[in-house]
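Visitor: Dropping in structure04.txt, with compact mmCIF, C-alpha atoms and all ligand atoms.
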```
# COMPACT_ATOMS: atom_id res chain seq x y z
CA MET S 1 -82.48 -58.41 -25.28
CA ASP S 2 -84.96 -57.11 -22.67
CA ASN S 3 -88.54 -57.58 -23.76
CA ASN S 4 -89.52 -54.22 -22.30
CA ILE S 5 -87.66 -52.44 -25.05
CA VAL S 6 -89.48 -52.02 -28.30
CA SER S 7 -87.54 -53.12 -31.36
CA LEU S 8 -87.48 -51.37 -34.65
CA ILE S 9 -86.61 -52.87 -38.03
CA LEU S 10 -84.89 -50.91 -40.76
CA LYS S 11 -85.73 -51.18 -44.44
CA SER S 12 -83.49 -53.36 -46.54
CA GLY S 13 -80.23 -51.52 -47.38
CA LYS S 14 -80.89 -48.78 -44.83
CA ASP S 15 -78.59 -50.33 -42.24
CA GLN S 16 -75.31 -49.26 -43.84
CA SER S 17 -74.80 -45.99 -42.01
CA VAL S 18 -75.58 -47.49 -38.59
CA LYS S 19 -73.18 -50.34 -39.37
CA ARG S 20 -70.58 -47.62 -39.93
CA PHE S 21 -71.41 -46.29 -36.44
CA HIS S 22 -73.32 -43.23 -37.59
CA PRO S 23 -75.53 -42.48 -34.57
CA TRP S 24 -78.70 -41.29 -36.34
CA VAL S 25 -81.57 -43.33 -37.78
CA PHE S 26 -83.83 -41.27 -40.02
CA SER S 27 -87.56 -41.90 -39.95
CA GLY S 28 -87.54 -42.79 -43.65
CA ALA S 29 -85.23 -45.75 -42.97
CA ILE S 30 -87.67 -47.47 -40.63
CA LYS S 31 -89.69 -50.41 -41.94
CA LYS S 32 -91.53 -51.39 -38.77
CA ILE S 33 -91.80 -50.52 -35.09
CA ASN S 34 -92.77 -53.60 -33.07
CA GLY S 35 -94.96 -52.02 -30.42
CA PRO S 36 -96.04 -48.74 -28.90
CA VAL S 37 -93.21 -46.25 -28.27
CA SER S 38 -93.25 -42.89 -26.57
CA GLU S 39 -90.97 -40.00 -27.20
CA GLY S 40 -87.72 -40.50 -25.26
CA ASP S 41 -88.04 -44.30 -24.91
CA LEU S 42 -85.08 -46.54 -25.49
CA VAL S 43 -85.53 -48.70 -28.58
CA SER S 44 -83.38 -51.42 -30.13
CA VAL S 45 -82.60 -51.18 -33.83
CA TYR S 46 -82.33 -54.19 -36.15
CA SER S 47 -81.56 -54.63 -39.82
CA ASN S 48 -84.08 -56.16 -42.19
CA GLN S 49 -82.12 -59.42 -41.71
CA HIS S 50 -82.71 -59.11 -37.95
CA GLU S 51 -79.11 -58.32 -37.05
CA PHE S 52 -78.81 -56.17 -33.94
CA LEU S 53 -77.44 -52.70 -34.84
CA GLY S 54 -77.77 -50.49 -31.80
CA ILE S 55 -79.86 -49.08 -29.01
CA GLY S 56 -80.95 -45.48 -28.78
CA HIS S 57 -83.48 -42.83 -27.83
CA TYR S 58 -86.62 -42.68 -29.91
CA GLN S 59 -88.12 -39.42 -31.07
CA PRO S 60 -90.82 -38.74 -33.64
CA GLY S 61 -89.31 -36.50 -36.31
CA SER S 62 -86.73 -36.66 -39.02
CA ILE S 63 -84.03 -38.12 -36.75
CA ALA S 64 -86.09 -40.94 -35.27
CA VAL S 65 -83.41 -42.66 -33.19
CA ARG S 66 -80.21 -41.31 -31.67
CA ILE S 67 -78.02 -44.34 -31.08
CA ILE S 68 -76.39 -44.42 -27.66
CA SER S 69 -74.76 -47.86 -27.83
CA PHE S 70 -73.80 -50.32 -30.53
CA ILE S 71 -73.54 -53.11 -27.95
CA GLU S 72 -76.47 -55.37 -27.19
CA SER S 73 -77.14 -54.49 -23.57
CA ILE S 74 -79.47 -52.02 -21.94
CA PRO S 75 -77.88 -48.79 -20.69
CA ASN S 76 -77.95 -48.68 -16.89
CA LYS S 77 -76.34 -46.33 -14.36
CA ASP S 78 -72.90 -47.91 -14.87
CA PHE S 79 -73.23 -47.33 -18.60
CA TRP S 80 -73.98 -43.59 -18.20
CA TYR S 81 -71.30 -43.30 -15.52
CA SER S 82 -68.61 -44.73 -17.77
CA LYS S 83 -69.64 -42.52 -20.72
CA ILE S 84 -69.45 -39.35 -18.60
CA ASP S 85 -66.28 -40.49 -16.86
CA ASN S 86 -64.71 -41.08 -20.25
CA ALA S 87 -65.61 -37.56 -21.43
CA ILE S 88 -64.31 -35.98 -18.22
CA ASN S 89 -61.08 -37.98 -18.47
CA LEU S 90 -60.53 -36.56 -21.92
CA ARG S 91 -60.93 -32.99 -20.60
CA ASN S 92 -58.47 -33.88 -17.88
CA LYS S 93 -55.97 -35.08 -20.48
CA LEU S 94 -56.56 -31.85 -22.38
CA ARG S 95 -55.51 -30.08 -19.16
CA LEU S 96 -58.78 -28.29 -18.85
CA LEU S 97 -59.95 -29.72 -15.55
CA ASN S 98 -57.17 -28.67 -13.19
CA ASN S 99 -56.07 -25.53 -14.88
CA ASN S 100 -55.32 -22.29 -13.05
CA GLU S 101 -55.80 -20.15 -16.15
CA THR S 102 -58.95 -21.66 -17.63
CA ASN S 103 -62.01 -22.99 -15.81
CA VAL S 104 -64.59 -22.88 -18.58
CA PHE S 105 -64.86 -25.63 -21.19
CA ARG S 106 -67.23 -28.12 -22.83
CA LEU S 107 -67.59 -31.24 -20.74
CA ILE S 108 -69.92 -33.26 -23.01
CA ASN S 109 -70.20 -32.57 -26.72
CA ALA S 110 -73.18 -34.71 -27.76
CA GLU S 111 -72.29 -37.13 -30.63
CA GLY S 112 -68.64 -36.09 -30.28
CA ASP S 113 -68.61 -37.79 -26.87
CA GLY S 114 -70.94 -40.64 -27.83
CA LEU S 115 -73.89 -38.97 -26.09
CA PRO S 116 -76.24 -37.69 -28.83
CA GLY S 117 -78.73 -35.14 -27.54
CA LEU S 118 -76.60 -34.00 -24.58
CA ILE S 119 -74.47 -30.87 -24.21
CA ILE S 120 -72.84 -29.99 -20.90
CA ASP S 121 -70.66 -26.92 -20.47
CA TYR S 122 -68.55 -26.35 -17.36
CA TYR S 123 -68.42 -22.90 -15.79
CA ASN S 124 -66.04 -22.98 -12.83
CA GLY S 125 -68.00 -25.68 -10.99
CA VAL S 126 -71.41 -25.09 -12.52
CA ALA S 127 -72.40 -27.60 -15.18
CA VAL S 128 -74.91 -26.12 -17.60
CA MET S 129 -76.82 -28.90 -19.31
CA GLN S 130 -78.62 -28.53 -22.58
CA MET S 131 -80.68 -31.48 -23.78
CA HIS S 132 -81.72 -31.78 -27.42
CA SER S 133 -83.58 -35.07 -27.03
CA VAL S 134 -86.38 -36.11 -24.71
CA GLY S 135 -84.53 -39.34 -23.92
CA MET S 136 -81.66 -37.39 -22.37
CA TYR S 137 -84.04 -34.99 -20.67
CA LEU S 138 -85.84 -37.84 -18.90
CA ILE S 139 -82.59 -39.05 -17.27
CA ARG S 140 -81.27 -35.58 -16.43
CA GLU S 141 -81.32 -36.10 -12.68
CA GLN S 142 -79.37 -39.34 -12.93
CA LEU S 143 -76.82 -37.62 -15.18
CA ALA S 144 -76.55 -34.72 -12.71
CA GLU S 145 -75.84 -37.10 -9.79
CA ILE S 146 -73.16 -38.84 -11.83
CA LEU S 147 -71.50 -35.51 -12.62
CA LYS S 148 -71.46 -34.64 -8.93
CA GLU S 149 -69.95 -38.01 -8.06
CA ILE S 150 -67.18 -37.81 -10.65
CA LEU S 151 -66.31 -34.15 -10.31
CA GLY S 152 -66.11 -34.23 -6.49
CA ASN S 153 -64.68 -30.95 -5.22
CA LYS S 154 -64.78 -29.52 -8.75
CA PHE S 155 -68.59 -29.63 -8.60
CA LEU S 156 -70.95 -26.89 -7.42
CA ALA S 157 -74.24 -27.28 -9.26
CA VAL S 158 -76.11 -28.41 -12.37
CA TYR S 159 -78.28 -25.92 -14.24
CA ASP S 160 -80.74 -27.28 -16.80
CA LYS S 161 -81.11 -25.00 -19.80
CA SER S 162 -83.28 -27.09 -22.09
CA GLU S 163 -86.39 -24.92 -22.21
CA LYS S 164 -85.76 -23.88 -25.80
CA THR S 165 -83.80 -26.85 -27.10
CA LEU S 166 -86.17 -29.76 -26.60
CA PRO S 167 -88.45 -30.61 -29.53
CA PHE S 168 -91.47 -28.40 -28.96
CA LYS S 169 -93.89 -31.18 -29.90
CA ALA S 170 -92.80 -33.05 -26.79
CA ASN S 171 -94.96 -30.62 -24.80
CA LEU S 172 -92.95 -31.03 -21.63
CA SER S 173 -93.44 -27.39 -20.50
CA ASN S 174 -90.03 -27.64 -18.90
CA LYS S 175 -88.44 -24.59 -17.32
CA ASN S 176 -84.79 -23.66 -16.98
CA GLY S 177 -83.32 -23.89 -13.50
CA PHE S 178 -80.91 -25.60 -11.11
CA ILE S 179 -81.59 -29.31 -10.77
CA LEU S 180 -78.78 -30.04 -8.32
CA GLY S 181 -77.18 -27.54 -5.93
CA ASP S 182 -77.08 -23.88 -6.84
CA SER S 183 -74.50 -21.19 -7.26
CA GLU S 184 -74.25 -17.50 -7.87
CA ASN S 185 -70.64 -17.74 -8.83
CA ASN S 186 -70.76 -16.76 -12.48
CA ILE S 187 -67.30 -15.37 -13.15
CA VAL S 188 -65.05 -17.70 -15.12
CA LYS S 189 -61.48 -17.57 -16.35
CA GLU S 190 -60.21 -18.29 -19.83
CA TYR S 191 -56.47 -18.03 -20.42
CA GLY S 192 -56.33 -15.87 -17.30
CA LEU S 193 -58.96 -13.41 -18.58
CA GLN S 194 -62.23 -13.08 -16.72
CA PHE S 195 -65.75 -13.31 -18.11
CA LYS S 196 -69.12 -12.90 -16.48
CA ILE S 197 -71.53 -15.59 -17.67
CA ASP S 198 -75.27 -15.25 -17.91
CA TRP S 199 -76.30 -18.86 -18.32
CA GLU S 200 -79.91 -18.02 -17.48
CA SER S 201 -80.68 -15.69 -20.36
CA GLY S 202 -77.49 -15.74 -22.47
CA GLN S 203 -77.22 -17.47 -25.85
CA LYS S 204 -76.32 -21.17 -26.03
CA THR S 205 -75.25 -22.11 -22.49
CA GLY S 206 -74.06 -18.53 -21.86
CA PHE S 207 -70.70 -18.23 -23.59
CA PHE S 208 -69.15 -19.15 -26.95
CA ILE S 209 -66.64 -21.54 -25.43
CA ASP S 210 -65.86 -22.92 -28.88
CA GLN S 211 -63.90 -19.79 -29.85
CA ARG S 212 -61.35 -20.11 -27.01
CA GLU S 213 -58.31 -21.12 -29.11
CA ASN S 214 -59.25 -18.71 -31.89
CA ARG S 215 -59.46 -15.83 -29.41
CA GLU S 216 -56.03 -16.80 -28.09
CA LEU S 217 -54.68 -16.74 -31.66
CA LEU S 218 -56.26 -13.33 -32.26
CA LYS S 219 -54.38 -11.98 -29.26
CA LYS S 220 -51.13 -12.67 -31.14
CA TYR S 221 -52.29 -10.66 -34.16
CA ALA S 222 -53.74 -7.70 -32.27
CA ASP S 223 -50.65 -5.71 -31.31
CA LYS S 224 -50.88 -2.03 -32.34
CA ARG S 225 -53.87 -2.67 -34.57
CA ASP S 226 -57.22 -0.91 -34.81
CA VAL S 227 -59.64 -3.76 -34.27
CA LEU S 228 -63.28 -4.15 -35.27
CA ASN S 229 -65.10 -7.03 -33.54
CA MET S 230 -68.33 -7.61 -35.45
CA PHE S 231 -71.06 -9.73 -33.80
CA CYS S 232 -69.18 -9.38 -30.52
CA TYR S 233 -71.81 -10.97 -28.21
CA THR S 234 -70.18 -10.89 -24.74
CA GLY S 235 -66.99 -9.35 -26.09
CA GLY S 236 -64.67 -12.36 -26.04
CA PHE S 237 -62.54 -11.33 -29.03
CA SER S 238 -62.49 -7.70 -27.83
CA VAL S 239 -61.05 -8.61 -24.42
CA TYR S 240 -58.31 -10.71 -26.06
CA ALA S 241 -57.54 -7.96 -28.58
CA LEU S 242 -56.98 -5.46 -25.75
CA GLN S 243 -54.83 -8.00 -23.93
CA GLY S 244 -52.82 -8.42 -27.12
CA GLY S 245 -51.98 -4.71 -27.27
CA ALA S 246 -54.54 -3.40 -29.76
CA LYS S 247 -54.40 0.35 -30.37
CA SER S 248 -58.20 0.55 -30.33
CA VAL S 249 -61.10 -1.93 -30.24
CA HIS S 250 -64.64 -1.35 -31.53
CA SER S 251 -67.28 -3.96 -30.63
CA VAL S 252 -70.53 -4.23 -32.59
CA ASP S 253 -73.66 -6.29 -31.88
CA SER S 254 -77.33 -5.69 -32.64
CA SER S 255 -78.33 -6.78 -29.13
CA ALA S 256 -78.18 -4.06 -26.47
CA ARG S 257 -77.94 -6.76 -23.80
CA ALA S 258 -74.87 -8.23 -25.55
CA ILE S 259 -73.26 -4.80 -25.65
CA ASP S 260 -73.88 -4.35 -21.90
CA MET S 261 -72.20 -7.70 -21.25
CA THR S 262 -69.29 -6.71 -23.50
CA GLU S 263 -68.78 -3.47 -21.59
CA GLU S 264 -68.90 -5.36 -18.33
CA ASN S 265 -66.36 -7.96 -19.44
CA ILE S 266 -64.03 -5.26 -20.71
CA SER S 267 -64.19 -3.40 -17.41
CA ILE S 268 -63.66 -6.54 -15.28
CA ASN S 269 -60.37 -7.11 -17.12
CA PHE S 270 -59.30 -3.56 -17.92
CA PRO S 271 -60.84 -0.97 -15.60
CA ASP S 272 -60.88 2.52 -17.16
CA VAL S 273 -59.59 1.38 -20.52
CA PRO S 274 -59.80 4.38 -22.88
CA ASN S 275 -59.47 2.59 -26.21
CA HIS S 276 -62.62 0.48 -26.32
CA THR S 277 -65.97 1.61 -27.76
CA SER S 278 -69.07 -0.44 -28.44
CA PHE S 279 -72.01 0.05 -30.78
CA ALA S 280 -75.45 -1.57 -30.51
CA THR S 281 -76.32 -1.61 -34.18
CA ASP S 282 -76.93 -3.84 -37.16
CA ALA S 283 -73.77 -5.34 -38.64
CA PHE S 284 -74.81 -4.94 -42.27
CA ASP S 285 -75.44 -1.22 -41.73
CA TYR S 286 -72.25 -0.71 -39.78
CA LEU S 287 -70.10 -2.43 -42.42
CA LYS S 288 -71.44 -0.25 -45.23
CA ASP S 289 -69.09 2.57 -44.43
CA ILE S 290 -66.15 1.73 -42.22
CA LYS S 291 -63.68 3.24 -44.71
CA ASP S 292 -60.08 2.44 -43.81
CA LYS S 293 -60.53 2.78 -40.06
CA TYR S 294 -59.48 -0.78 -39.22
CA ASP S 295 -56.60 -3.14 -39.81
CA LEU S 296 -58.00 -6.17 -37.98
CA ILE S 297 -61.62 -7.23 -38.48
CA ILE S 298 -63.40 -10.17 -36.82
CA LEU S 299 -66.55 -11.49 -38.47
CA ASP S 300 -68.25 -14.09 -36.28
CA PRO S 301 -71.93 -13.95 -37.26
CA PRO S 302 -74.70 -16.19 -35.91
CA ALA S 303 -75.51 -19.34 -37.92
CA PHE S 304 -76.96 -17.69 -41.05
CA ALA S 305 -78.39 -21.06 -42.07
CA LYS S 306 -79.99 -23.44 -39.61
CA HIS S 307 -81.63 -25.58 -42.31
CA ARG S 308 -80.66 -26.68 -45.78
CA GLU S 309 -83.44 -24.62 -47.35
CA THR S 310 -81.79 -21.39 -46.21
CA LEU S 311 -78.29 -22.36 -47.37
CA GLY S 312 -78.31 -20.18 -50.50
CA ARG S 313 -79.32 -17.07 -48.59
CA ALA S 314 -76.75 -17.80 -45.88
CA LEU S 315 -73.92 -18.06 -48.41
CA LYS S 316 -74.94 -14.68 -49.85
CA GLY S 317 -74.83 -13.26 -46.32
CA TYR S 318 -71.27 -14.55 -45.77
CA LYS S 319 -70.22 -13.22 -49.17
CA ARG S 320 -71.66 -9.80 -48.45
CA ILE S 321 -70.08 -9.18 -45.05
CA ASN S 322 -66.71 -10.56 -46.11
CA ALA S 323 -66.68 -8.46 -49.28
CA ARG S 324 -67.41 -5.34 -47.20
CA ALA S 325 -64.49 -6.15 -44.92
CA PHE S 326 -62.05 -6.87 -47.78
CA GLU S 327 -63.07 -3.73 -49.67
CA GLN S 328 -62.42 -1.38 -46.79
CA ILE S 329 -59.74 -2.87 -44.54
CA ARG S 330 -56.38 -1.07 -44.55
CA PRO S 331 -53.56 -2.53 -46.64
CA GLY S 332 -51.79 -5.21 -44.62
CA GLY S 333 -54.99 -5.87 -42.68
CA ILE S 334 -56.06 -9.13 -41.07
CA VAL S 335 -59.55 -10.64 -41.25
CA PHE S 336 -60.73 -13.39 -38.88
CA THR S 337 -63.84 -14.79 -40.55
CA PHE S 338 -66.12 -17.57 -39.27
CA SER S 339 -69.18 -19.66 -39.96
CA CYS S 340 -70.81 -21.71 -37.21
CA SER S 341 -73.63 -23.08 -39.41
CA GLN S 342 -73.60 -26.84 -39.43
CA VAL S 343 -75.26 -26.97 -42.84
CA VAL S 344 -72.55 -24.78 -44.44
CA SER S 345 -69.65 -27.06 -45.35
CA LYS S 346 -66.03 -25.99 -45.11
CA GLU S 347 -65.87 -25.90 -48.93
CA LYS S 348 -69.02 -23.82 -49.34
CA PHE S 349 -67.83 -21.35 -46.73
CA ARG S 350 -64.48 -20.99 -48.48
CA GLU S 351 -66.20 -20.45 -51.82
CA ALA S 352 -68.24 -17.64 -50.28
CA VAL S 353 -65.11 -16.03 -48.82
CA PHE S 354 -63.17 -16.50 -52.08
CA SER S 355 -65.98 -14.81 -54.05
CA ALA S 356 -65.95 -11.97 -51.55
CA ALA S 357 -62.20 -11.55 -52.05
CA ALA S 358 -62.67 -11.53 -55.84
CA ILE S 359 -65.39 -8.87 -55.58
CA SER S 360 -63.01 -6.65 -53.61
CA GLY S 361 -60.19 -7.21 -56.10
CA ARG S 362 -57.69 -7.31 -53.22
CA ASN S 363 -54.82 -9.73 -52.91
CA VAL S 364 -55.85 -12.09 -50.08
CA ARG S 365 -53.83 -14.89 -48.50
CA ILE S 366 -54.90 -17.57 -46.00
CA LEU S 367 -52.73 -17.51 -42.91
CA ASN S 368 -54.59 -19.91 -40.62
CA GLN S 369 -57.46 -22.35 -40.96
CA LEU S 370 -59.52 -22.58 -37.83
CA THR S 371 -62.07 -24.90 -36.30
CA GLN S 372 -63.56 -25.84 -32.93
CA PRO S 373 -61.24 -26.78 -30.04
CA ALA S 374 -60.50 -30.26 -28.68
CA ASP S 375 -63.14 -30.04 -25.94
CA HIS S 376 -65.67 -29.97 -28.81
CA PRO S 377 -64.49 -33.27 -30.34
CA VAL S 378 -65.93 -34.58 -33.59
CA ASN S 379 -67.01 -38.22 -33.80
CA ILE S 380 -65.24 -39.53 -36.91
CA TYR S 381 -68.39 -41.44 -37.89
CA HIS S 382 -70.49 -38.27 -37.57
CA LEU S 383 -68.66 -35.49 -39.37
CA GLU S 384 -71.79 -33.32 -39.15
CA GLY S 385 -70.41 -32.51 -35.70
CA GLU S 386 -67.70 -30.35 -37.26
CA TYR S 387 -69.57 -27.06 -37.41
CA LEU S 388 -67.13 -24.23 -36.71
CA LYS S 389 -65.04 -23.05 -39.65
CA GLY S 390 -62.75 -20.07 -39.72
CA LEU S 391 -60.05 -18.43 -41.80
CA VAL S 392 -57.42 -15.89 -40.88
CA LEU S 393 -56.69 -13.82 -43.96
CA TYR S 394 -54.02 -11.31 -44.86
CA VAL S 395 -55.31 -8.55 -47.13
CA GLU S 396 -52.60 -6.71 -49.03
N1 LIG R 401 -68.17 -13.69 -31.44
C1 LIG R 401 -69.01 -13.99 -30.29
C2 LIG R 401 -70.19 -14.87 -30.64
C3 LIG R 401 -71.09 -14.30 -31.72
S1 LIG R 401 -72.71 -14.90 -31.64
C4 LIG R 401 -68.15 -14.60 -29.18
O1 LIG R 401 -66.98 -14.95 -29.41
O2 LIG R 401 -68.66 -14.75 -28.07
C5 LIG R 401 -73.52 -13.93 -32.79
C6 LIG R 401 -73.92 -12.54 -32.31
O3 LIG R 401 -74.41 -11.84 -33.43
C7 LIG R 401 -75.04 -12.48 -31.27
O4 LIG R 401 -74.58 -11.80 -30.13
C8 LIG R 401 -76.17 -11.68 -31.93
O5 LIG R 401 -76.81 -10.76 -31.06
C9 LIG R 401 -75.42 -10.93 -33.00
N2 LIG R 401 -76.20 -10.56 -34.20
C10 LIG R 401 -77.11 -11.30 -34.86
N3 LIG R 401 -77.54 -10.64 -35.97
C11 LIG R 401 -76.88 -9.46 -36.00
C12 LIG R 401 -76.87 -8.35 -36.90
N4 LIG R 401 -77.64 -8.34 -37.98
N5 LIG R 401 -76.05 -7.31 -36.63
C13 LIG R 401 -75.26 -7.32 -35.53
N6 LIG R 401 -75.23 -8.34 -34.66
C14 LIG R 401 -76.02 -9.40 -34.88
```
Transcribe the structure of this file into structure tokens.
Guide:
Amino acid sequence: MDNNIVSLILKSGKDQSVKRFHPWVFSGAIKKINGPVSEGDLVSVYSNQHEFLGIGHYQPGSIAVRIISFIESIPNKDFWYSKIDNAINLRNKLRLLNNNETNVFRLINAEGDGLPGLIIDYYNGVAVMQMHSVGMYLIREQLAEILKEILGNKFLAVYDKSEKTLPFKANLSNKNGFILGDSENNIVKEYGLQFKIDWESGQKTGFFIDQRENRELLKKYADKRDVLNMFCYTGGFSVYALQGGAKSVHSVDSSARAIDMTEENISINFPDVPNHTSFATDAFDYLKDIKDKYDLIILDPPAFAKHRETLGRALKGYKRINARAFEQIRPGGIVFTFSCSQVVSKEKFREAVFSAAAISGRNVRILNQLTQPADHPVNIYHLEGEYLKGLVLYVE
């Protein structure tokens, strides 16, 4: 192996997870680092018996190395090209790349596409990149050129949105902005519906692309129902509910900016629609007294827990909002309920929802079990990547 790359030896017995292709090396597993390393450097990882295990990006912190390759050769341009090409091919097979109805999807899903630390979302030609590791950030321009090369006439620009996602200790003072080309074209289509995207100041890369298939399912349940879309953000579920024939739709979010975006997205798709109203208010307050106004409620809150320490409080939060919905929804009502916290397991989320059902004393049945769509693939050796959990419930 190249002498320019610093090697790192794991403690005895700490090589098992990497041998099973898990892409993270925790700092506590490291016995020795053979030389000076800087944040973002490539390092090679060896077992205590000096077997080669993988090569990855180094970062001081709990996850010390994000493994990029389990093969003993140094990643070069061809390596990155083939990784990105592979991810784009998958989206092509999923019929997302040349699709007249949908031109917004996730192009690179970090570990799920074998590229830990890198998220790229595709907005009708504009690739919005979000780096979570310094290693990926340092090669951003090379990655952008590769995207341009592979996407050809499907490519307009690359926008880097890593200002808030890089480890703050890295002190890179990086700013968001276009790093290749530029574009003002920020209207995208999803299942034929249009959405305006604010990738500059919106949450995540601008849109919750991961709810696409769940929104499409909601459309099928919405006919003639009075719908409440809690935590609506840019109004995705509301637009689909109207498309599905809802009698009325109420959208709630605590952010006034989100409510403005919701209104805008509703009017792009349904000018002068009389049966949509939005409320910029706190969800917990709003849910206190909704009486029996609704027969379809969507609960898609932000990640209540970002760290394990806050798990208990998060579960209480899920229990509370779900109990409120179950207690008040009309008989025969439908609840779409979600958790996008990575630290909340599928089982824990269900337990919280089950307790909420028990508190309400209603008869509740599971109709559908939901997760993230195929353009957010989960690496089978890294199940932490499965973060979105949802249930569709029938409340008698
Ligand atoms: N369902 C949305 C994504 C929801 S993101 C979609 O499909 O696009 C979570 C949203 O919850 C954010 O827009 C945030 O502003 C909002 N939010 C966070 N805390 C809130 C609270 N206490 N009350 C109401 N909204 C809240």
Visitor: Give me, as a short mmCIF file (atom, residue, chain, number, x, y, z; two decimals) with C-alpha atoms, in the frame of the given file, the set of residues whose atoms come within 7 Å of any atom of ligand LIG 401 (chain R), counting only C-alpha atoms and all ligand atoms.
Guide:
```
data_model
loop_
_atom_site.label_atom_id
_atom_site.label_comp_id
_atom_site.auth_asym_id
_atom_site.auth_seq_id
_atom_site.Cartn_x
_atom_site.Cartn_y
_atom_site.Cartn_z
CA PHE S 207 -70.70 -18.23 -23.59
CA PHE S 208 -69.15 -19.15 -26.95
CA GLN S 211 -63.90 -19.79 -29.85
CA MET S 230 -68.33 -7.61 -35.45
CA PHE S 231 -71.06 -9.73 -33.80
CA CYS S 232 -69.18 -9.38 -30.52
CA TYR S 233 -71.81 -10.97 -28.21
CA THR S 234 -70.18 -10.89 -24.74
CA GLY S 235 -66.99 -9.35 -26.09
CA GLY S 236 -64.67 -12.36 -26.04
CA PHE S 237 -62.54 -11.33 -29.03
CA VAL S 252 -70.53 -4.23 -32.59
CA ASP S 253 -73.66 -6.29 -31.88
CA SER S 254 -77.33 -5.69 -32.64
CA SER S 255 -78.33 -6.78 -29.13
CA ALA S 258 -74.87 -8.23 -25.55
CA THR S 281 -76.32 -1.61 -34.18
CA ASP S 282 -76.93 -3.84 -37.16
CA ALA S 283 -73.77 -5.34 -38.64
CA PHE S 284 -74.81 -4.94 -42.27
CA ASP S 300 -68.25 -14.09 -36.28
CA PRO S 301 -71.93 -13.95 -37.26
CA PRO S 302 -74.70 -16.19 -35.91
#
```
Visitor: One decimal, in Å: what's the spacing between CA of Tyr123 (chain S) and CA of Ser183 (chain S)?
Guide: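 The value is 10.6 Å.
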Visitor: Region 385-392 of chain S: which residues within 7 Å, counting all atoms listed in the file, same-chain residues fewer than 3 positions away excluded, as a list in words?
Guide: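 Near neighbours after the sequence-gap exclusion: Gly112, Ile334, Val335, Phe336, Thr337, Phe338, Ser339, Cys340, Ser341, Gln342, Lys346, Ile366, Leu367, Asn368, Gln369, Leu370, Thr371, Gln372, Val378, Asn379 and His382 of chain S.
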Visitor: Near Ile321 (chain S), counting all atoms listed in the file, which residues have an atom at most 8 Å away, once you skip same-chain residues fewer than 3 positions from it, shown as an mmCIF file with C-alpha atoms, keeping the file's coordinate frame?
Guide:
```cif
data_model
loop_
_atom_site.group_PDB
_atom_site.id
_atom_site.type_symbol
_atom_site.label_atom_id
_atom_site.label_comp_id
_atom_site.auth_asym_id
_atom_site.auth_seq_id
_atom_site.Cartn_x
_atom_site.Cartn_y
_atom_site.Cartn_z
ATOM 1 C CA PHE S 284 -74.810 -4.940 -42.270
ATOM 2 C CA LEU S 287 -70.100 -2.430 -42.420
ATOM 3 C CA LEU S 299 -66.550 -11.490 -38.470
ATOM 4 C CA GLY S 317 -74.830 -13.260 -46.320
ATOM 5 C CA TYR S 318 -71.270 -14.550 -45.770
ATOM 6 C CA ARG S 324 -67.410 -5.340 -47.200
ATOM 7 C CA ALA S 325 -64.490 -6.150 -44.920
#
```
Visitor: When you count only C-alpha atoms, which of these residues is closest to Asn100 (chain S): S:Lys293, S:Lys189, S:Lys14, S:Lys219?
Guide: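 So, comparing all the options, the nearest one is S:Lys189.
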Visitor: May I ask which of the residues S:Lys196, S:Lys316, S:Arg225, S:Lys220 is the closest one to Ile266 (chain S), counting all atoms listed in the file?
Guide: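 Counting all atoms listed in the file, the residue closest to Ile266 (chain S) is S:Lys196.
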Visitor: Kindly give the distance, in Å, that separates CA of Glu51 (chain S) and CA of Val6 (chain S), rounded to a single decimal.
Guide: 15.0 Å
Visitor: Determine, for each residue of region 91-208 of chain S having at least one atom at most 12 Å from an atom of region 18-38 of chain S, the closest pair of atoms and their separation in Å to one decimal, counting all atoms listed in the file; order by chain and ascending number, as CSV.
Guide:
```
residue,atom,partner,partner_atom,distance
S:Ala110,CA,S:Pro23,CA,10.6
S:Glu111,CA,S:Pro23,CA,7.4
S:Gly112,CA,S:Pro23,CA,10.3
S:Asp113,CA,S:Pro23,CA,11.4
S:Gly114,CA,S:Pro23,CA,8.4
S:Leu115,CA,S:Pro23,CA,9.3
S:Pro116,CA,S:Pro23,CA,7.5
S:Gly117,CA,S:Pro23,CA,10.7
S:Val134,CA,S:Ser38,CA,9.8
S:Gly135,CA,S:Ser38,CA,9.8
S:Leu138,CA,S:Ser38,CA,11.8
S:Ala170,CA,S:Ser38,CA,9.9
```
Visitor: Just to confirm, what's the straight-line distance from CA of Ser162 (chain S) to CA of Arg140 (chain S) in Å (one decimal)?
Guide: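 Taking CA of Ser162 (chain S) as the start and CA of Arg140 (chain S) as the end point, the length is 10.4 Å.
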Visitor: Can you work out which one of S:Asn229, S:Thr310, S:Ser360, S:Ser69 has the shortest atom-to-atom distance to Ile297 (chain S), counting all atoms listed in the file?
Guide: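 Among the listed residues, the smallest separation from Ile297 (chain S) belongs to S:Asn229.
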Visitor: May I have the centre and edge lengths, in Å to one decimal, of an axis-aligned box around the listed atoms of region 21-37 of chain S with 5 Å added to every side, as AutoDock Vina command-line options?
Guide:
```
--center_x -83.7 --center_y -47.4 --center_z -36.0 --size_x 34.6 --size_y 22.3 --size_z 25.4
```
Visitor: Hey, what's within 10 Å of Gly40 (chain S) if we count only C-alpha atoms and toss same-chain stuff fewer than 5 positions away? As an MDAnalysis selection string, please?
Guide: chainID S and resid 56:60 65:66 133:139 170
Visitor: Can you find the residues with an atom no farther than 12 Å from (-57.7, -27.2, -10.9), counting only C-alpha atoms, and report them as a list in words?
Guide: Arg91, Asn92, Arg95, Leu96, Leu97, Asn98, Asn99, Asn100, Glu101, Thr102, Asn103, Val104, Asn124, Gly125, Leu151, Gly152, Asn153, Lys154, Phe155 and Lys189 of chain S
